[in-house]
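Report on one structure; see the data block that follows.
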Amino acid sequence: MGGITSSTALWYASRATGVVSLVLLTGVLVLGIMVNRQGRLPGLPRFAVVGLHRNLSLLAVAFVAVHVLTAVADSYVSISIAAAVIPFVSAYKPLWLGLGAVSADLMAAVIVTSLLRRFIGRRVWRGVHWLAYASWPVAILHSIGSSGDLRGGPFLVLVIVCIAAVAAALVWRLAAARRRPGLPVPAGPARRRAQQTMARAGGR
Amino acid sequence: MAARLQVNPIACSGHGVCAELLPELISLDEWGYPLIDSRPVPPGLSRSAKRAVTDCPALALRLAADESGGTRA
Amino acid sequence: MIAAPVRTGIPRLLPSDGRSHAALDTHLTSFGPVPYLDQPGRLIQVVRDAGLTGRGGAAFPVHRKLEAVAAARTGRPVAVANAAEGEPASRKDATLLLTAPHLVLDGLQLTAEAVGATRAVLYIRDDLRASTRLEIHVSERFARGLDRIAVEVVSAPIQFLAGQETALASAVSGAAALPRFTPPRVFERGVDRRPTLVQNVETLAHVALIARYGSAWFRGAGLPDEPGTMLCTLHNASGPVMVAEAAIGTPLASLLDISQATAVLAGGYHGTWIPAAQASAMALSNASLRPADASAGAGVLAALPANRCGLVETARVARYLAAESAGQCGPCRNGLPSIAAGLAELAGLTGRRPRSSVAADVSRWSRLVEGRGACHHPDGTVRLVRSALRVFADEVRQHQQGRCSAPLGRPFLPTGAEPVTTGPVTTGPVARTGTVTTTGRR
């Protein structure tokens with residue numbers, strides 16, 4: 001793009017805040033997985049891991065908001081405010097921006113229910129919170145498809161690092177579930193039969 | 001109004017955040033589950049108690065306003 | 001030798017002619033159709049006057065449960081007959097459903113009417129569902145116009161906690177039979193979040209008779225504060241497991257052969273061990289058993305033979321109870337297996353001499369689990385374990401020195417892995433009032 005215009009500044013701001021949002025959301029997801037599996041960060045008490053997860057998510061909301069607003073305000077491409085929340089109605093790159101809208105909608109649901117979780121009950125809150133696992137990969141796809149930034153150079157490395165971090169956290173989550181028997185495992189018939197077998201085998 | 005801390009033992013998965021935030025009233029047993037002082041929360045600890053309720057990752061802790069507390073089936 | 005049997009009057013639930021009354025026509029000849037009262041509150045009043053308490057173990061006044069469900073504003077009530085009988089040592093519900101199922105079904109209709117229920121369910125152990133032919137009885141009754149509400153038969157898993165009221169409500173709602181945190185209690189939000197009346201099948205059978213013969217008749221047996229009769233499952237040293245109907249207040253010595261026993265277990269696996277000498281002076285009533293920290297529970301009585309070790313039996317039961325934990329609450333899921341392992345070590349089941357700290361560890365874990373579950377499973381287990389350590393204290397000392405006073409034999413108390421003996425059902429004077437018949441493995 002030629003010349004430094006306010007439009008260009010807005011477009012760059014959108015891209016920059018987009019990248020930061022992605023990094024923050026990756027951090028939020030990794031921390032969320034750690035909270036769920038009661039993982040610790042060295043030197044930090046448990047309530048700090050919980051607090052960091054929450055504070056980063058609010059920071060991510062701020063960055064996503066700026067990312068969306070600068071993209072809408074920028075006049076170089078036509079993105080209506082509606083396209084920011086309703087998927088696939090944008091004139092510019094409807095698919096990739098639509099994915100962004102999907103991710104933002106899911107994120108909004110997670111955030112709003114979390115802010116109100118004391119009033120909506122544990123089950124509803126937990127059910128909606130699982131959407132975070134959908135919001136993040138959709139955000140990754142949106143990021144890769146919406147602009148060429150992430151397809152090469154240091155930003156590509158950044159995306160790979162983000163994906164690797166989440167993958168590592170997921171692997172750790174599954175492994176930790178097996179290693180730590182005190183963590184809740186659903187008590188279904190199979191588990192019951194296993195317990196009884198162990199109990200009978202344990203002595204006369 | 002007497003407020004007491006109660007835990008839903010099914011929801012609780014032993015994160016231990018409550019014990020960090022309110023050590024005066026909550027400690028952890030040898031398996032990591034909370035041992036809760038069931039007396040009414042003193043006014044000075046009311047804010048910490050509310051924070052412990054809010055910060056529980058499993059939403060297992062609550063402040064019950066009634067005198068009788070919860071009864072199990 | 002058994003003490004002279006005490007006459008308690010005519011058996012009421014178990015047929016006195018020794019034959020099964022499972023056939024509908026036999027039942028109708030003896031009792032007639034369901035005596036619907038048609039007046040709101042009338043059944044609750046007569047049940048209150050009769051002083052009937054629940055026969056599922058908790059002995060809660062039945063009229064209060066009926067009132068609570070009838071008064072609930074959270075939906076149209078559901079009435080459930082609880083035939084889960086998760087306690088392996090109890091056979092009374094199975095026997096009742098084999099010999100007098102229509103009394104149970106009458107009671108279900110009557111209580112459903114009393115609370116305004118629009119749905120009636122029979123929740124029955126899966127292995128009894130076929131053998132008791134309940135579905136056939138239920139269809140026949142509805143087809144002949146006896147039942148106003150069609151009864152749905154729902155299978156209960158064969159688990160210790162399957163009959164716990166919130167686990168029952170969960171199972172009938174279509175989810176797993178696992179206890180739920182309360183409040184709300186099931187009388188407010190149970191099956192499908194509707195007010196739910198849960199009654200043991202024996203309780204319903206008593207209701208069916210009270211509705212016909214009145215409260216004064218019901219109080220004609222039993223004690224003023226604990227009226228009526230109750231079914232009990234009797235485990236003696238020799239002979240098959242028996243089910244007897246006894247008036248409350250019957251001496252334990254009339255029901256069990258205590259002279260050959262070292263201790264008596266009263267109240268099932270959430271009950272209490274009582275030394276034989278103390279038990280032989282006690283009767284089948286909560287008032288009589290209370291000084292031993294015991295209650296009649298659901299009527300399970302076992303006389304531990306002199307050639308069995310109480311610690312070994314309790315260790316086996318504790319292992320069973322630990323495996324039967326729903327696994328939902330950390331203290332129970334962790335604490336009960338620890339307690340069971342500690343008892344196994346004390347009982348010598350691990351093959352080595354117990355460490356000196358084991359008894360203290362078991363006591364510590366008992367204090368840690370008590371009251372910290374969503375249901376009473378940890379509490380009941382702790383009650384049994386504590387009574388064992390108290391009553392068998394001499395045995396504990398011997399075991400700590402590597403000895404055991406009783407040679408090990410086959411398990412005396414059932415834990416679900418043993419085959420069930422078969423035999424005809426008979427009724428008669430209280431001391432030998434019935435034999436259990438159920439076939440196959442449990």
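Lettering and numbering for the structure tokens are positional, with chains as A, B, ... in the shown order, residues counted from 1 in each chain, and ligands counted from 1 in the shown order.
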
* Asked: Quick one: which residues from chain B are at most 10 Å off chain A, using only C-alpha atoms, as a count of residues only?
  -> 25

* **Nearby residues (only C-alpha atoms) at most 12 Å from A:Leu25, same-chain spacing under 5 positions excluded, as an MDAnalysis selection string** => chainID A and resid 17:20 30:32 53:64 103:104 107 132:140 159 162:163 165:166

Kindly export the residues of the current selection with C-alpha atoms, as a PDB file, in the first residue's frame.
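out14.pdb, freshly written:
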ATOM      1  CA  THR A  17      -3.858  -6.122  17.149  1.00  0.00           C
ATOM      2  CA  GLY A  18      -4.974  -9.252  15.337  1.00  0.00           C
ATOM      3  CA  VAL A  19      -1.614 -10.873  15.873  1.00  0.00           C
ATOM      4  CA  VAL A  20      -1.520  -9.837  19.525  1.00  0.00           C
ATOM      5  CA  VAL A  30      -3.095 -22.957  27.422  1.00  0.00           C
ATOM      6  CA  LEU A  31      -3.751 -21.467  30.870  1.00  0.00           C
ATOM      7  CA  GLY A  32      -7.320 -22.736  30.780  1.00  0.00           C
ATOM      8  CA  HIS A  53      -6.244 -17.000  32.780  1.00  0.00           C
ATOM      9  CA  ARG A  54      -9.067 -14.594  33.541  1.00  0.00           C
ATOM     10  CA  ASN A  55      -7.051 -11.379  33.164  1.00  0.00           C
ATOM     11  CA  LEU A  56      -5.470 -12.426  29.881  1.00  0.00           C
ATOM     12  CA  SER A  57      -8.896 -13.275  28.535  1.00  0.00           C
ATOM     13  CA  LEU A  58     -10.154  -9.787  29.361  1.00  0.00           C
ATOM     14  CA  LEU A  59      -7.051  -8.296  27.765  1.00  0.00           C
ATOM     15  CA  ALA A  60      -7.709 -10.436  24.710  1.00  0.00           C
ATOM     16  CA  VAL A  61     -11.251  -9.052  24.566  1.00  0.00           C
ATOM     17  CA  ALA A  62      -9.811  -5.536  24.482  1.00  0.00           C
ATOM     18  CA  PHE A  63      -7.386  -6.370  21.703  1.00  0.00           C
ATOM     19  CA  VAL A  64      -9.999  -8.209  19.669  1.00  0.00           C
ATOM     20  CA  SER A 103     -14.593 -16.999  16.551  1.00  0.00           C
ATOM     21  CA  ALA A 104     -15.569 -13.657  18.041  1.00  0.00           C
ATOM     22  CA  MET A 107     -15.511 -15.892  22.432  1.00  0.00           C
ATOM     23  CA  ALA A 132     -13.392 -22.084  23.757  1.00  0.00           C
ATOM     24  CA  TYR A 133     -11.952 -25.196  22.159  1.00  0.00           C
ATOM     25  CA  ALA A 134     -13.784 -24.235  19.004  1.00  0.00           C
ATOM     26  CA  SER A 135     -13.125 -20.521  19.140  1.00  0.00           C
ATOM     27  CA  TRP A 136      -9.347 -20.796  19.049  1.00  0.00           C
ATOM     28  CA  PRO A 137      -8.828 -22.994  15.959  1.00  0.00           C
ATOM     29  CA  VAL A 138     -11.387 -20.920  14.094  1.00  0.00           C
ATOM     30  CA  ALA A 139      -9.389 -17.837  15.037  1.00  0.00           C
ATOM     31  CA  ILE A 140      -6.238 -19.496  13.690  1.00  0.00           C
ATOM     32  CA  VAL A 159       1.590 -19.177  14.348  1.00  0.00           C
ATOM     33  CA  CYS A 162       1.017 -20.973  19.048  1.00  0.00           C
ATOM     34  CA  ILE A 163      -0.255 -24.205  17.545  1.00  0.00           C
ATOM     35  CA  ALA A 165       1.857 -24.637  22.518  1.00  0.00           C
ATOM     36  CA  VAL A 166      -1.782 -25.674  22.405  1.00  0.00           C
TER      37      VAL A 166
END

How close does each residue of chain C get to chain A, giving the shortest atom pair and distance in Å to one decimal for every residue with an atom at most 8 Å away, counting only C-alpha atoms, sorted by chain and residue number, as CSV?
residue,atom,partner,partner_atom,distance
C:Ala176,CA,A:Gly188,CA,7.6
C:Arg319,CA,A:Ala199,CA,6.2
C:Tyr320,CA,A:Ala199,CA,7.1
C:Ala323,CA,A:Gln195,CA,5.3
C:Glu324,CA,A:Arg192,CA,7.1
C:Ala326,CA,A:Ala187,CA,6.0
C:Gly327,CA,A:Ala187,CA,5.6
C:Gln328,CA,A:Pro184,CA,7.0
C:Gly330,CA,A:Gly182,CA,7.2
C:Asn334,CA,A:Gly182,CA,7.3
C:Leu349,CA,A:Gly203,CA,5.7
C:Thr350,CA,A:Gly203,CA,6.5

* Neighbours of chain B in chain C at 8 Å, counting only C-alpha atoms, as a PyMOL selection string -> chain C and resi 165-166+180-183+185+328-331+334+368+372-376

* Asked: Can you list every residue in stretch 152-375 of chain C that DSSP puts in strand (DSSP E or B), as a PyMOL selection string?
  -> chain C and resi 152-156+196-200+222+227+229-235+242-247+251+261-266+272-275+283+300-305

* Got a sec: who's within 8 Å of C:Gly51, counting only C-alpha atoms, leaving out chain neighbours fewer than 5 positions off, as a list of chain:residue names? ->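 Close residues of C:Gly51: C:Pro61, C:Val62, C:Ser215, C:Arg219, C:Asp225, C:Glu226, C:Pro227.
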
Let's have the selection written as a short mmCIF file (atom, residue, chain, number, x, y, z; two decimals), in the first residue's frame, with N, CA and C atoms.
data_model
loop_
_atom_site.label_atom_id
_atom_site.label_comp_id
_atom_site.auth_asym_id
_atom_site.auth_seq_id
_atom_site.Cartn_x
_atom_site.Cartn_y
_atom_site.Cartn_z
N PRO C 61 -40.80 -40.83 58.97
CA PRO C 61 -42.26 -40.93 59.00
C PRO C 61 -42.86 -40.78 57.61
N VAL C 62 -43.65 -41.77 57.22
CA VAL C 62 -44.17 -41.79 55.85
C VAL C 62 -45.11 -40.63 55.59
N SER C 215 -55.57 -47.73 61.06
CA SER C 215 -54.38 -47.47 61.86
C SER C 215 -54.39 -48.28 63.15
N ARG C 219 -51.38 -50.77 64.52
CA ARG C 219 -50.73 -50.63 65.82
C ARG C 219 -50.96 -51.84 66.72
N ASP C 225 -44.20 -46.61 70.20
CA ASP C 225 -43.45 -45.60 69.47
C ASP C 225 -42.94 -46.10 68.12
N GLU C 226 -42.91 -47.40 67.96
CA GLU C 226 -42.46 -47.99 66.69
C GLU C 226 -43.43 -49.11 66.33
N PRO C 227 -44.60 -48.73 65.82
CA PRO C 227 -45.64 -49.74 65.60
C PRO C 227 -45.40 -50.57 64.35
#

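We find atom CA of C:Gln164 and atom CA of C:Gly267 to be spaced 15.7 Å apart.
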
* Asked: atom CA of C:Arg383 to atom CA of C:Gly190: how many Å, to one decimal?
  ->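 Interatomic distance here is 27.7 Å.
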
* Structure fact -> Atom pair atom CA of C:Glu188 + atom CA of C:Ala79, distance 12.4 Å

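Closest approach to C:Ala302 among C:Val153, C:Ala318, C:Ala276, C:Ala94 is made by C:Ala276 (distances from only C-alpha atoms).
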
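The shell of residues at most 9 Å from C:Gln159, with only C-alpha atoms counted and near chain neighbours (fewer than 6 positions) removed, consists of C:Ala84, C:Glu85, C:Gly86, C:Glu87, C:Pro88, C:Arg125, C:Ala177, C:Glu324.
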
Selection export as a PDB file, in the first residue's frame, atoms kept: N, CA and C atoms:
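Produced file again14.pdb, reproduced below:
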ATOM      1  N   ALA C  84     -34.652 -51.329  44.538  1.00  0.00           N
ATOM      2  CA  ALA C  84     -33.265 -51.456  44.102  1.00  0.00           C
ATOM      3  C   ALA C  84     -32.507 -52.462  44.957  1.00  0.00           C
ATOM      4  N   GLU C  85     -32.832 -52.515  46.237  1.00  0.00           N
ATOM      5  CA  GLU C  85     -32.200 -53.419  47.201  1.00  0.00           C
ATOM      6  C   GLU C  85     -30.718 -53.617  46.906  1.00  0.00           C
ATOM      7  N   GLY C  86     -29.980 -52.517  47.012  1.00  0.00           N
ATOM      8  CA  GLY C  86     -28.563 -52.566  46.684  1.00  0.00           C
ATOM      9  C   GLY C  86     -27.727 -53.252  47.742  1.00  0.00           C
ATOM     10  N   GLU C  87     -28.257 -53.404  48.930  1.00  0.00           N
ATOM     11  CA  GLU C  87     -27.502 -54.023  50.026  1.00  0.00           C
ATOM     12  C   GLU C  87     -27.408 -55.524  49.754  1.00  0.00           C
ATOM     13  N   PRO C  88     -26.205 -56.062  49.586  1.00  0.00           N
ATOM     14  CA  PRO C  88     -26.103 -57.487  49.220  1.00  0.00           C
ATOM     15  C   PRO C  88     -26.653 -58.415  50.292  1.00  0.00           C
ATOM     16  N   ARG C 125     -34.236 -53.805  40.872  1.00  0.00           N
ATOM     17  CA  ARG C 125     -32.945 -54.420  40.552  1.00  0.00           C
ATOM     18  C   ARG C 125     -33.056 -55.184  39.246  1.00  0.00           C
ATOM     19  N   ALA C 177     -27.080 -43.815  37.633  1.00  0.00           N
ATOM     20  CA  ALA C 177     -27.598 -43.928  39.003  1.00  0.00           C
ATOM     21  C   ALA C 177     -26.536 -43.472  39.988  1.00  0.00           C
ATOM     22  N   GLU C 324     -17.814 -49.644  45.838  1.00  0.00           N
ATOM     23  CA  GLU C 324     -19.150 -49.179  45.475  1.00  0.00           C
ATOM     24  C   GLU C 324     -19.297 -47.669  45.594  1.00  0.00           C
TER      25      GLU C 324
END

* To do: Would you list the contacts of stretch 114-121 of chain C as number ranges by chain, taking every protein, DNA or RNA residue within 9 Å and counting only C-alpha atoms, but skipping same-chain residues closer than 5 positions in sequence?
  => C: 37-44, 66-71, 76-82, 108-109, 149-154, 172, 195-197

Written selection (N, CA and C atoms) as an mmCIF file, in the first residue's frame:
data_model
loop_
_atom_site.group_PDB
_atom_site.id
_atom_site.type_symbol
_atom_site.label_atom_id
_atom_site.label_comp_id
_atom_site.auth_asym_id
_atom_site.auth_seq_id
_atom_site.Cartn_x
_atom_site.Cartn_y
_atom_site.Cartn_z
ATOM 1 N N LEU C 37 -59.015 -44.080 48.355
ATOM 2 C CA LEU C 37 -59.749 -43.340 49.374
ATOM 3 C C LEU C 37 -60.533 -42.171 48.796
ATOM 4 N N ASP C 38 -60.098 -41.676 47.634
ATOM 5 C CA ASP C 38 -60.825 -40.644 46.900
ATOM 6 C C ASP C 38 -60.968 -39.311 47.632
ATOM 7 N N GLN C 39 -60.593 -39.253 48.894
ATOM 8 C CA GLN C 39 -60.661 -37.953 49.567
ATOM 9 C C GLN C 39 -59.239 -37.445 49.743
ATOM 10 N N PRO C 40 -59.000 -36.209 49.338
ATOM 11 C CA PRO C 40 -57.635 -35.697 49.493
ATOM 12 C C PRO C 40 -57.236 -35.710 50.970
ATOM 13 N N GLY C 41 -56.016 -36.158 51.237
ATOM 14 C CA GLY C 41 -55.519 -36.099 52.607
ATOM 15 C C GLY C 41 -55.918 -37.277 53.477
ATOM 16 N N ARG C 42 -56.858 -38.089 53.012
ATOM 17 C CA ARG C 42 -57.357 -39.157 53.885
ATOM 18 C C ARG C 42 -56.285 -40.216 54.133
ATOM 19 N N LEU C 43 -55.569 -40.583 53.076
ATOM 20 C CA LEU C 43 -54.530 -41.599 53.260
ATOM 21 C C LEU C 43 -53.434 -41.068 54.170
ATOM 22 N N ILE C 44 -53.066 -39.810 53.938
ATOM 23 C CA ILE C 44 -51.998 -39.233 54.758
ATOM 24 C C ILE C 44 -52.413 -39.268 56.230
ATOM 25 N N LEU C 66 -45.202 -37.904 52.408
ATOM 26 C CA LEU C 66 -46.374 -37.711 51.557
ATOM 27 C C LEU C 66 -46.792 -36.243 51.564
ATOM 28 N N GLU C 67 -46.794 -35.646 52.743
ATOM 29 C CA GLU C 67 -47.184 -34.231 52.836
ATOM 30 C C GLU C 67 -46.221 -33.353 52.052
ATOM 31 N N ALA C 68 -44.918 -33.641 52.161
ATOM 32 C CA ALA C 68 -43.930 -32.794 51.494
ATOM 33 C C ALA C 68 -44.094 -32.845 49.978
ATOM 34 N N VAL C 69 -44.312 -34.035 49.452
ATOM 35 C CA VAL C 69 -44.462 -34.154 48.000
ATOM 36 C C VAL C 69 -45.784 -33.538 47.553
ATOM 37 N N ALA C 70 -46.843 -33.784 48.341
ATOM 38 C CA ALA C 70 -48.153 -33.248 47.962
ATOM 39 C C ALA C 70 -48.131 -31.724 47.955
ATOM 40 N N ALA C 71 -47.319 -31.138 48.838
ATOM 41 C CA ALA C 71 -47.298 -29.676 48.964
ATOM 42 C C ALA C 71 -46.322 -29.007 48.015
ATOM 43 N N ARG C 76 -45.699 -31.643 38.576
ATOM 44 C CA ARG C 76 -46.645 -32.701 38.945
ATOM 45 C C ARG C 76 -45.846 -33.898 39.476
ATOM 46 N N PRO C 77 -46.249 -34.431 40.620
ATOM 47 C CA PRO C 77 -45.417 -35.417 41.307
ATOM 48 C C PRO C 77 -45.265 -36.739 40.560
ATOM 49 N N VAL C 78 -44.184 -37.419 40.915
ATOM 50 C CA VAL C 78 -43.898 -38.764 40.430
ATOM 51 C C VAL C 78 -43.800 -39.663 41.661
ATOM 52 N N ALA C 79 -44.440 -40.820 41.614
ATOM 53 C CA ALA C 79 -44.353 -41.765 42.737
ATOM 54 C C ALA C 79 -43.483 -42.939 42.313
ATOM 55 N N VAL C 80 -42.471 -43.246 43.122
ATOM 56 C CA VAL C 80 -41.550 -44.323 42.760
ATOM 57 C C VAL C 80 -41.514 -45.364 43.864
ATOM 58 N N ALA C 81 -41.665 -46.629 43.474
ATOM 59 C CA ALA C 81 -41.481 -47.745 44.401
ATOM 60 C C ALA C 81 -40.034 -48.199 44.280
ATOM 61 N N ASN C 82 -39.315 -48.172 45.380
ATOM 62 C CA ASN C 82 -37.880 -48.445 45.355
ATOM 63 C C ASN C 82 -37.610 -49.916 45.658
ATOM 64 N N LEU C 108 -48.413 -48.477 45.855
ATOM 65 C CA LEU C 108 -47.918 -47.479 44.907
ATOM 66 C C LEU C 108 -49.076 -46.648 44.364
ATOM 67 N N GLN C 109 -50.176 -47.304 44.023
ATOM 68 C CA GLN C 109 -51.340 -46.568 43.522
ATOM 69 C C GLN C 109 -51.909 -45.641 44.596
ATOM 70 N N ILE C 149 -53.083 -45.406 37.516
ATOM 71 C CA ILE C 149 -51.919 -44.896 36.790
ATOM 72 C C ILE C 149 -51.110 -46.096 36.318
ATOM 73 N N ALA C 150 -50.772 -46.107 35.053
ATOM 74 C CA ALA C 150 -49.956 -47.208 34.527
ATOM 75 C C ALA C 150 -48.576 -47.127 35.151
ATOM 76 N N VAL C 151 -48.088 -48.261 35.604
ATOM 77 C CA VAL C 151 -46.788 -48.285 36.275
ATOM 78 C C VAL C 151 -45.691 -48.594 35.261
ATOM 79 N N GLU C 152 -44.667 -47.759 35.230
ATOM 80 C CA GLU C 152 -43.512 -48.036 34.375
ATOM 81 C C GLU C 152 -42.494 -48.815 35.193
ATOM 82 N N VAL C 153 -41.956 -49.852 34.615
ATOM 83 C CA VAL C 153 -40.918 -50.623 35.297
ATOM 84 C C VAL C 153 -39.572 -50.153 34.773
ATOM 85 N N VAL C 154 -38.716 -49.715 35.671
ATOM 86 C CA VAL C 154 -37.396 -49.212 35.294
ATOM 87 C C VAL C 154 -36.342 -50.071 35.988
ATOM 88 N N VAL C 172 -33.978 -42.851 37.067
ATOM 89 C CA VAL C 172 -35.307 -42.854 36.450
ATOM 90 C C VAL C 172 -35.429 -41.722 35.436
ATOM 91 N N PRO C 195 -41.442 -33.006 41.716
ATOM 92 C CA PRO C 195 -41.498 -33.553 43.085
ATOM 93 C C PRO C 195 -41.635 -35.070 42.997
ATOM 94 N N THR C 196 -40.802 -35.769 43.760
ATOM 95 C CA THR C 196 -40.771 -37.225 43.638
ATOM 96 C C THR C 196 -40.949 -37.870 44.996
ATOM 97 N N LEU C 197 -41.866 -38.828 45.061
ATOM 98 C CA LEU C 197 -42.066 -39.608 46.275
ATOM 99 C C LEU C 197 -41.312 -40.918 46.104
#

* Asked: Restricting the calculation to only C-alpha atoms, which member of A:Leu44, A:Ile81, A:Val66, A:Val110 is positioned closest to A:Leu10?
  ->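 Of the candidates, the smallest distance to A:Leu10 is held by A:Val66.
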
* Spatial neighbours of stretch 93-97 of chain A, 6 Å, only C-alpha atoms, chain gap at least 5 places, as a PyMOL selection string -> chain A and resi 88+142+145-146

Restricting the output to N, CA and C atoms, write the selected residues as an mmCIF file, in the first residue's frame.
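File written: out.cif
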data_model
loop_
_atom_site.group_PDB
_atom_site.id
_atom_site.type_symbol
_atom_site.label_atom_id
_atom_site.label_comp_id
_atom_site.auth_asym_id
_atom_site.auth_seq_id
_atom_site.Cartn_x
_atom_site.Cartn_y
_atom_site.Cartn_z
ATOM 1 N N PHE A 88 -19.884 -14.322 7.553
ATOM 2 C CA PHE A 88 -19.967 -14.521 6.111
ATOM 3 C C PHE A 88 -20.806 -13.483 5.379
ATOM 4 N N HIS A 142 -8.969 -18.054 10.608
ATOM 5 C CA HIS A 142 -9.288 -16.682 10.215
ATOM 6 C C HIS A 142 -7.992 -15.899 10.007
ATOM 7 N N GLY A 145 -6.084 -17.039 6.832
ATOM 8 C CA GLY A 145 -6.767 -16.762 5.578
ATOM 9 C C GLY A 145 -7.009 -15.297 5.296
ATOM 10 N N SER A 146 -7.110 -14.482 6.336
ATOM 11 C CA SER A 146 -7.542 -13.102 6.105
ATOM 12 C C SER A 146 -6.438 -12.222 5.567
#

* Out of stretch 1-248 of chain C, which residues get helix (DSSP H, G or I) from DSSP, as an MDAnalysis selection string? -> chainID C and resid 24:31 42:50 62:71 92:99 101:115 126:131 134:143 160:163 165:172 191:193 201:213 215:218
